[in-house]
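Novice: Okay, so here is work-v6.tsv, and as you'll see once you scroll down, it has TSV, C-alpha atoms.
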chain	number	residue	atom	x	y	z
L	30	MET	CA	24.71	-4.21	12.59
L	31	LYS	CA	21.47	-4.83	14.28
L	32	THR	CA	20.76	-5.73	17.82
L	33	GLN	CA	19.89	-9.24	16.77
L	34	ASP	CA	23.34	-9.67	15.19
L	35	ILE	CA	25.03	-8.63	18.42
L	36	VAL	CA	22.90	-11.05	20.45
L	37	ASP	CA	23.71	-13.88	18.03
L	38	PHE	CA	27.42	-13.07	18.26
L	39	LEU	CA	27.27	-13.14	22.06
L	40	LYS	CA	25.47	-16.48	22.01
L	41	ARG	CA	27.99	-17.95	19.62
L	42	TYR	CA	31.08	-16.80	21.59
L	43	PRO	CA	30.01	-16.43	25.21
L	44	ILE	CA	33.35	-17.06	26.94
L	45	PRO	CA	35.46	-14.64	24.85
L	46	CYS	CA	32.79	-11.95	25.16
L	47	LEU	CA	32.55	-12.43	28.91
L	48	SER	CA	36.37	-12.34	29.17
L	49	VAL	CA	36.57	-9.11	27.13
L	50	THR	CA	33.85	-7.56	29.31
L	51	VAL	CA	35.66	-8.53	32.52
L	52	VAL	CA	38.98	-7.17	31.18
L	53	VAL	CA	37.39	-3.85	30.15
L	54	ILE	CA	35.64	-3.47	33.51
L	55	THR	CA	38.89	-4.31	35.34
L	56	LEU	CA	40.86	-1.76	33.31
L	57	VAL	CA	38.26	0.93	34.00
L	58	LEU	CA	38.36	0.15	37.74
L	59	VAL	CA	42.17	0.13	37.79
L	60	TYR	CA	42.22	3.48	35.98
L	61	PHE	CA	39.93	5.09	38.53
L	62	ARG	CA	41.62	3.40	41.53
L	63	MET	CA	45.10	4.43	40.35
L	64	ASP	CA	44.32	8.04	41.28
L	65	VAL	CA	43.17	6.95	44.75
L	66	ASN	CA	46.38	4.92	45.22
L	67	THR	CA	48.67	7.89	44.49
L	68	GLU	CA	46.61	10.06	46.82
L	69	LEU	CA	46.88	7.47	49.59
L	70	GLU	CA	50.62	7.11	48.96
L	71	GLY	CA	51.04	10.89	49.34
L	72	ARG	CA	49.05	10.91	52.57
L	73	TYR	CA	51.09	7.97	53.85
L	74	GLN	CA	54.35	9.82	53.19
L	75	THR	CA	53.04	12.97	54.88
L	76	VAL	CA	51.88	11.08	57.96
L	77	SER	CA	55.16	9.13	58.08
L	78	ALA	CA	57.17	12.38	57.99
L	79	GLU	CA	55.03	13.88	60.75
L	80	GLY	CA	55.44	10.70	62.80
L	81	ALA	CA	59.23	10.82	62.38
L	82	THR	CA	59.22	14.47	63.48
L	83	VAL	CA	57.15	13.63	66.55
L	84	MET	CA	59.47	10.74	67.42
L	85	ASN	CA	62.53	13.00	67.05
L	86	ASN	CA	60.85	15.58	69.28
L	87	ILE	CA	60.13	12.93	71.90
L	88	VAL	CA	63.71	11.62	71.81
L	89	ASN	CA	65.29	15.08	71.78
L	90	GLY	CA	62.80	16.44	74.29
L	91	SER	CA	63.99	14.23	77.12
L	92	GLY	CA	65.88	16.44	79.52
L	93	LEU	CA	64.74	19.56	77.69
L	94	GLN	CA	63.71	21.34	80.88
L	95	GLU	CA	67.16	20.79	82.38
L	96	HIS	CA	68.80	22.11	79.21
L	97	VAL	CA	66.59	25.20	79.24
L	98	GLU	CA	67.45	25.86	82.88
L	99	ALA	CA	71.18	25.43	82.17
L	100	ILE	CA	71.00	27.83	79.22
L	101	GLN	CA	69.08	30.37	81.30
L	102	ALA	CA	71.67	30.12	84.09
L	103	GLN	CA	74.54	30.59	81.64
L	104	SER	CA	72.70	33.48	79.98
L	105	SER	CA	72.20	35.26	83.29
L	106	GLU	CA	75.88	34.70	84.15
L	107	LEU	CA	76.85	36.18	80.77
L	108	GLU	CA	74.56	39.15	81.37
L	109	SER	CA	76.20	39.79	84.74
L	110	ARG	CA	79.65	39.90	83.08
L	111	LEU	CA	78.66	42.45	80.41
L	112	VAL	CA	79.54	46.12	80.66
L	113	ARG	CA	76.84	48.72	80.21
L	114	PRO	CA	78.24	51.83	78.51
L	115	ALA	CA	75.88	54.18	80.33
L	116	GLU	CA	77.14	53.07	83.77
L	117	LEU	CA	80.41	55.00	83.53
L	118	ALA	CA	81.19	55.13	87.27
L	119	LYS	CA	80.66	51.39	87.73
L	120	ASN	CA	82.75	50.61	84.65
L	121	LEU	CA	85.66	52.79	85.81
L	122	GLN	CA	85.41	51.27	89.29
L	123	TYR	CA	86.40	47.93	87.71
L	124	PHE	CA	89.80	49.39	86.76
L	125	TYR	CA	90.22	51.22	90.08
L	126	ARG	CA	89.57	47.92	91.90
L	127	LEU	CA	92.31	46.28	89.80
L	128	GLU	CA	94.60	49.19	90.71
L	129	SER	CA	94.01	48.71	94.43
L	130	GLU	CA	94.40	44.92	94.22
L	131	THR	CA	97.69	45.01	92.30
L	132	GLY	CA	99.34	48.20	93.53
L	133	GLY	CA	99.83	49.63	90.03
L	134	LYS	CA	99.03	53.33	89.60
L	135	LEU	CA	96.53	54.43	86.98
L	136	GLY	CA	97.84	57.56	85.34
L	137	GLU	CA	95.02	57.93	82.87
L	138	LEU	CA	91.71	56.14	82.48
L	139	ARG	CA	88.91	57.07	80.15
L	140	GLN	CA	86.03	55.41	78.38
L	141	VAL	CA	86.02	56.18	74.68
L	142	PRO	CA	82.63	57.57	73.63
L	143	LEU	CA	80.36	55.28	71.63
L	144	THR	CA	80.24	57.74	68.74
L	145	ASN	CA	83.84	56.90	67.82
L	146	LEU	CA	83.16	53.17	67.57
L	147	PRO	CA	81.84	51.48	64.44
L	148	SER	CA	78.28	50.20	64.68
L	149	THR	CA	77.91	46.48	65.28
L	150	LYS	CA	75.14	44.03	64.57
L	151	GLY	CA	73.62	41.92	67.32
L	152	SER	CA	72.96	42.62	70.98
L	153	PHE	CA	76.59	43.10	72.02
L	154	GLN	CA	78.99	45.95	71.39
L	155	PRO	CA	82.50	46.72	72.52
L	156	VAL	CA	83.07	49.43	75.11
L	157	GLN	CA	86.52	50.88	74.54
L	158	TYR	CA	88.85	52.17	77.26
L	159	SER	CA	92.18	53.92	77.18
L	160	LEU	CA	94.35	53.57	80.26
L	161	VAL	CA	97.92	54.07	81.44
L	162	VAL	CA	99.34	51.99	84.32
L	163	THR	CA	102.66	52.71	86.03
L	164	ALA	CA	104.32	49.98	88.09
L	165	ASP	CA	107.25	47.63	88.14
L	166	TYR	CA	107.24	44.57	85.89
L	167	PRO	CA	105.73	41.97	88.31
L	168	VAL	CA	102.91	44.34	89.23
L	169	LEU	CA	102.14	45.05	85.56
L	170	MET	CA	102.03	41.33	84.83
L	171	ASP	CA	99.72	40.83	87.81
L	172	TYR	CA	97.51	43.66	86.53
L	173	LEU	CA	97.31	42.06	83.07
L	174	ASN	CA	96.64	38.64	84.57
L	175	ARG	CA	93.80	39.96	86.71
L	176	LEU	CA	92.40	41.82	83.72
L	177	GLU	CA	92.52	38.63	81.66
L	178	GLU	CA	90.93	36.47	84.35
L	179	GLY	CA	88.55	39.17	85.54
L	180	VAL	CA	84.81	39.38	85.48
L	181	SER	CA	84.50	41.23	82.18
L	182	PHE	CA	85.34	39.85	78.76
L	183	TYR	CA	88.09	41.97	77.24
L	184	ARG	CA	90.16	42.32	74.09
L	185	MET	CA	93.38	44.27	74.01
L	186	LYS	CA	93.53	46.41	70.90
L	187	ASN	CA	97.06	47.71	71.42
L	188	PHE	CA	99.54	48.58	74.12
L	189	SER	CA	102.94	50.13	74.57
L	190	LEU	CA	105.47	49.57	77.30
L	191	GLN	CA	108.28	51.97	78.22
L	192	HIS	CA	110.44	53.02	81.15
L	193	SER	CA	109.16	55.75	83.40
L	194	ARG	CA	111.28	58.91	83.27
L	195	GLU	CA	109.86	60.43	86.43
L	196	SER	CA	110.69	57.67	88.89
L	197	THR	CA	114.01	56.82	90.49
L	198	ARG	CA	113.02	53.15	90.72
L	199	ARG	CA	112.84	50.95	87.64
L	200	MET	CA	109.19	51.60	86.92
L	201	LEU	CA	107.43	50.83	83.65
L	202	VAL	CA	104.58	52.68	82.00
L	203	MET	CA	102.08	50.62	80.02
L	204	ALA	CA	99.53	52.39	77.85
L	205	MET	CA	96.66	50.21	76.63
L	206	ASN	CA	93.56	50.47	74.51
L	207	ILE	CA	91.17	47.68	75.39
L	208	GLU	CA	87.58	46.76	74.70
L	209	LEU	CA	85.20	45.20	77.19
L	210	LEU	CA	82.19	43.29	75.92
L	211	GLY	CA	79.08	45.30	76.56
L	212	THR	CA	75.40	45.54	75.79
L	213	LYS	CA	73.73	47.92	73.41
Once you've parsed the file, please lay out its structure as structure tokens.

Specialist:
Amino acid sequence: MKTQDIVDFLKRYPIPCLSVTVVVITLVLVYFRMDVNTELEGRYQTVSAEGATVMNNIVNGSGLQEHVEAIQAQSSELESRLVRPAELAKNLQYFYRLESETGGKLGELRQVPLTNLPSTKGSFQPVQYSLVVTADYPVLMDYLNRLEEGVSFYRMKNFSLQHSRESTRRMLVMAMNIELLGTK
């Protein structure tokens, strides 16, 4: 085919040739623009996700300062209620104060060394105490109630209750092993 034959063909069928040319050019443009469209769609989704995150932060951020202050106040209150194992005299004073408030007599009180306790994860650890209280039943119940509602968080590991053999009154002896929540 010569150039002249192509020119004659174009002159003979101008509308179909022009239509084919327009269709080919349109397909080429669509092919190249399709890549741009997917890129724009991806950017749109990214920006939409960031916008939703910002809107959630704005909605959830209202009152954030008050929440932070409330959490800090509760955290400082929690810190004040924790036992520090190294402050032995202050820790034992907690039990002596309970003794003087209730009238029960502490026969034995000791803090179990930390080496006997299993290691724990986190910033808290139990501080274990072994104590023996001698008193009549109402006083023992008052002692336990004050221990339960006291400043420190406690967990009773075990206890035993028996009659006192040394007293002429009906006294009871309660031996307990408890843990107070402490810091590391």

Novice: Can you tell me, as a PyMOL selection string, what residues are no more than 7 Å from Ser159 in chain L when counting all atoms listed in the file, ignoring any on the same chain fewer than 3 positions away?

Specialist: chain L and resi 138-140+205-207

Novice: Just to confirm, what's the straight-line distance from CA of Val36 in chain L to CA of Ser48 in chain L in Å (one decimal)?

Specialist: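 That distance, rounded to one decimal, is 16.1 Å.
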
Novice: Applying 6 Å and only C-alpha atoms, which residues near range 168-184 of chain L remain after dropping the ones on its own chain fewer than 4 positions away? List them as number ranges by chain.

Specialist: L: 110, 131, 164, 207-210

Novice: May I ask for the distance between CA of Thr163 in chain L and CA of Gly136 in chain L, given in Å to one decimal place?

Specialist: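 Distance reported for this atom pair: 6.9 Å.
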
Novice: To one decimal in Å, tell me the separation between CA of Arg113 in chain L and CA of Phe153 in chain L.

Specialist: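 If I compute the distance from CA of Arg113 in chain L to CA of Phe153 in chain L, I get 9.9 Å.
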
Novice: Give me the residues near Ser189 in chain L as a list in words, where near means some atom within 9 Å (using only C-alpha atoms) and where sequence neighbours in that chain fewer than 3 positions away do not count.

Specialist: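 The contact residues come out as Val202, Met203, Ala204 and Met205 of chain L.
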
Novice: Have a look at L:Leu69, L:Ala99, L:Ser104, L:Leu160 and name the one nearest to Phe124 in chain L; count all atoms listed in the file.

Specialist: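 Ranking L:Leu69, L:Ala99, L:Ser104, L:Leu160 by distance to Phe124 in chain L, first place goes to L:Leu160.
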
Novice: Hey, which of L:Gly90, L:Lys134, L:Gln157, L:Glu98 ends up closest to Met185 in chain L? Count only C-alpha atoms.

Specialist: L:Gln157

Novice: Write out as a ChimeraX atom specification the residues lying within 8 Å of Leu201 in chain L, counting only C-alpha atoms and excluding same-chain residues fewer than 4 positions away.

Specialist: /L:163-166,190-193

Novice: Should you be able to, write range 34-135 of chain L of this structure into a file that contains C-alpha atoms, as a CSV table (one decimal), in the first residue's frame.

Specialist:
chain,number,residue,atom,x,y,z
L,34,ASP,CA,-3.9,4.5,-1.7
L,35,ILE,CA,-4.3,5.6,2.0
L,36,VAL,CA,-5.3,9.1,1.0
L,37,ASP,CA,-7.8,7.8,-1.6
L,38,PHE,CA,-9.3,5.5,1.0
L,39,LEU,CA,-9.6,8.4,3.5
L,40,LYS,CA,-11.3,10.6,0.8
L,41,ARG,CA,-13.7,7.8,-0.1
L,42,TYR,CA,-14.8,7.0,3.5
L,43,PRO,CA,-14.2,10.2,5.5
L,44,ILE,CA,-16.8,9.7,8.3
L,45,PRO,CA,-15.9,6.1,9.2
L,46,CYS,CA,-12.2,7.0,9.2
L,47,LEU,CA,-12.8,10.1,11.4
L,48,SER,CA,-15.0,8.0,13.7
L,49,VAL,CA,-12.3,5.3,14.0
L,50,THR,CA,-9.7,8.0,14.7
L,51,VAL,CA,-11.8,9.6,17.4
L,52,VAL,CA,-12.5,6.2,19.1
L,53,VAL,CA,-8.8,5.2,19.1
L,54,ILE,CA,-7.8,8.6,20.5
L,55,THR,CA,-10.6,8.3,23.2
L,56,LEU,CA,-9.4,4.8,24.2
L,57,VAL,CA,-5.8,6.0,24.5
L,58,LEU,CA,-6.9,8.9,26.7
L,59,VAL,CA,-9.1,6.7,28.8
L,60,TYR,CA,-6.3,4.2,29.3
L,61,PHE,CA,-3.9,6.9,30.5
L,62,ARG,CA,-6.5,8.6,32.6
L,63,MET,CA,-7.6,5.4,34.3
L,64,ASP,CA,-4.3,5.3,36.2
L,65,VAL,CA,-4.9,8.9,37.4
L,66,ASN,CA,-8.4,8.0,38.5
L,67,THR,CA,-7.3,5.1,40.7
L,68,GLU,CA,-4.6,7.3,42.2
L,69,LEU,CA,-7.1,10.1,43.0
L,70,GLU,CA,-9.5,7.5,44.4
L,71,GLY,CA,-6.7,6.3,46.8
L,72,ARG,CA,-5.9,9.8,47.8
L,73,TYR,CA,-9.6,10.5,48.4
L,74,GLN,CA,-9.9,7.5,50.7
L,75,THR,CA,-6.8,8.5,52.6
L,76,VAL,CA,-7.9,12.0,53.1
L,77,SER,CA,-11.4,10.8,54.1
L,78,ALA,CA,-9.9,8.5,56.7
L,79,GLU,CA,-7.8,11.3,58.1
L,80,GLY,CA,-10.8,13.6,58.2
L,81,ALA,CA,-12.8,11.0,60.1
L,82,THR,CA,-10.0,10.6,62.6
L,83,VAL,CA,-9.8,14.4,63.1
L,84,MET,CA,-13.5,14.6,63.6
L,85,ASN,CA,-13.4,11.8,66.1
L,86,ASN,CA,-10.6,13.5,67.9
L,87,ILE,CA,-12.6,16.8,68.0
L,88,VAL,CA,-15.7,15.0,69.3
L,89,ASN,CA,-13.8,12.9,71.9
L,90,GLY,CA,-11.5,15.8,72.8
L,91,SER,CA,-14.3,17.9,74.3
L,92,GLY,CA,-13.9,17.8,78.1
L,93,LEU,CA,-10.5,16.0,77.7
L,94,GLN,CA,-8.8,18.4,80.1
L,95,GLU,CA,-11.4,17.6,82.8
L,96,HIS,CA,-10.9,13.9,82.2
L,97,VAL,CA,-7.2,14.2,82.5
L,98,GLU,CA,-7.5,16.1,85.8
L,99,ALA,CA,-9.9,13.6,87.2
L,100,ILE,CA,-7.6,10.7,86.2
L,101,GLN,CA,-4.6,12.5,87.8
L,102,ALA,CA,-6.6,13.1,91.0
L,103,GLN,CA,-7.6,9.4,91.2
L,104,SER,CA,-4.1,8.3,90.4
L,105,SER,CA,-2.7,10.5,93.2
L,106,GLU,CA,-5.4,9.1,95.6
L,107,LEU,CA,-4.4,5.6,94.6
L,108,GLU,CA,-0.7,6.4,95.2
L,109,SER,CA,-1.5,7.7,98.6
L,110,ARG,CA,-3.2,4.4,99.5
L,111,LEU,CA,-0.3,2.1,98.4
L,112,VAL,CA,2.1,0.6,100.8
L,113,ARG,CA,5.8,1.0,100.3
L,114,PRO,CA,7.7,-2.2,101.4
L,115,ALA,CA,10.8,-0.2,102.5
L,116,GLU,CA,8.8,1.9,104.9
L,117,LEU,CA,8.5,-0.8,107.6
L,118,ALA,CA,7.8,1.4,110.6
L,119,LYS,CA,5.0,3.3,108.8
L,120,ASN,CA,3.5,0.1,107.5
L,121,LEU,CA,3.4,-1.5,111.0
L,122,GLN,CA,2.0,1.7,112.4
L,123,TYR,CA,-1.1,1.1,110.3
L,124,PHE,CA,-1.8,-2.1,112.3
L,125,TYR,CA,-0.9,-0.6,115.6
L,126,ARG,CA,-3.4,2.3,114.9
L,127,LEU,CA,-6.1,-0.4,114.2
L,128,GLU,CA,-5.1,-2.0,117.5
L,129,SER,CA,-5.6,1.2,119.5
L,130,GLU,CA,-8.8,2.1,117.7
L,131,THR,CA,-10.5,-1.3,118.3
L,132,GLY,CA,-9.0,-2.4,121.6
L,133,GLY,CA,-7.8,-5.8,120.2
L,134,LYS,CA,-4.3,-6.8,121.2
L,135,LEU,CA,-1.7,-7.6,118.6
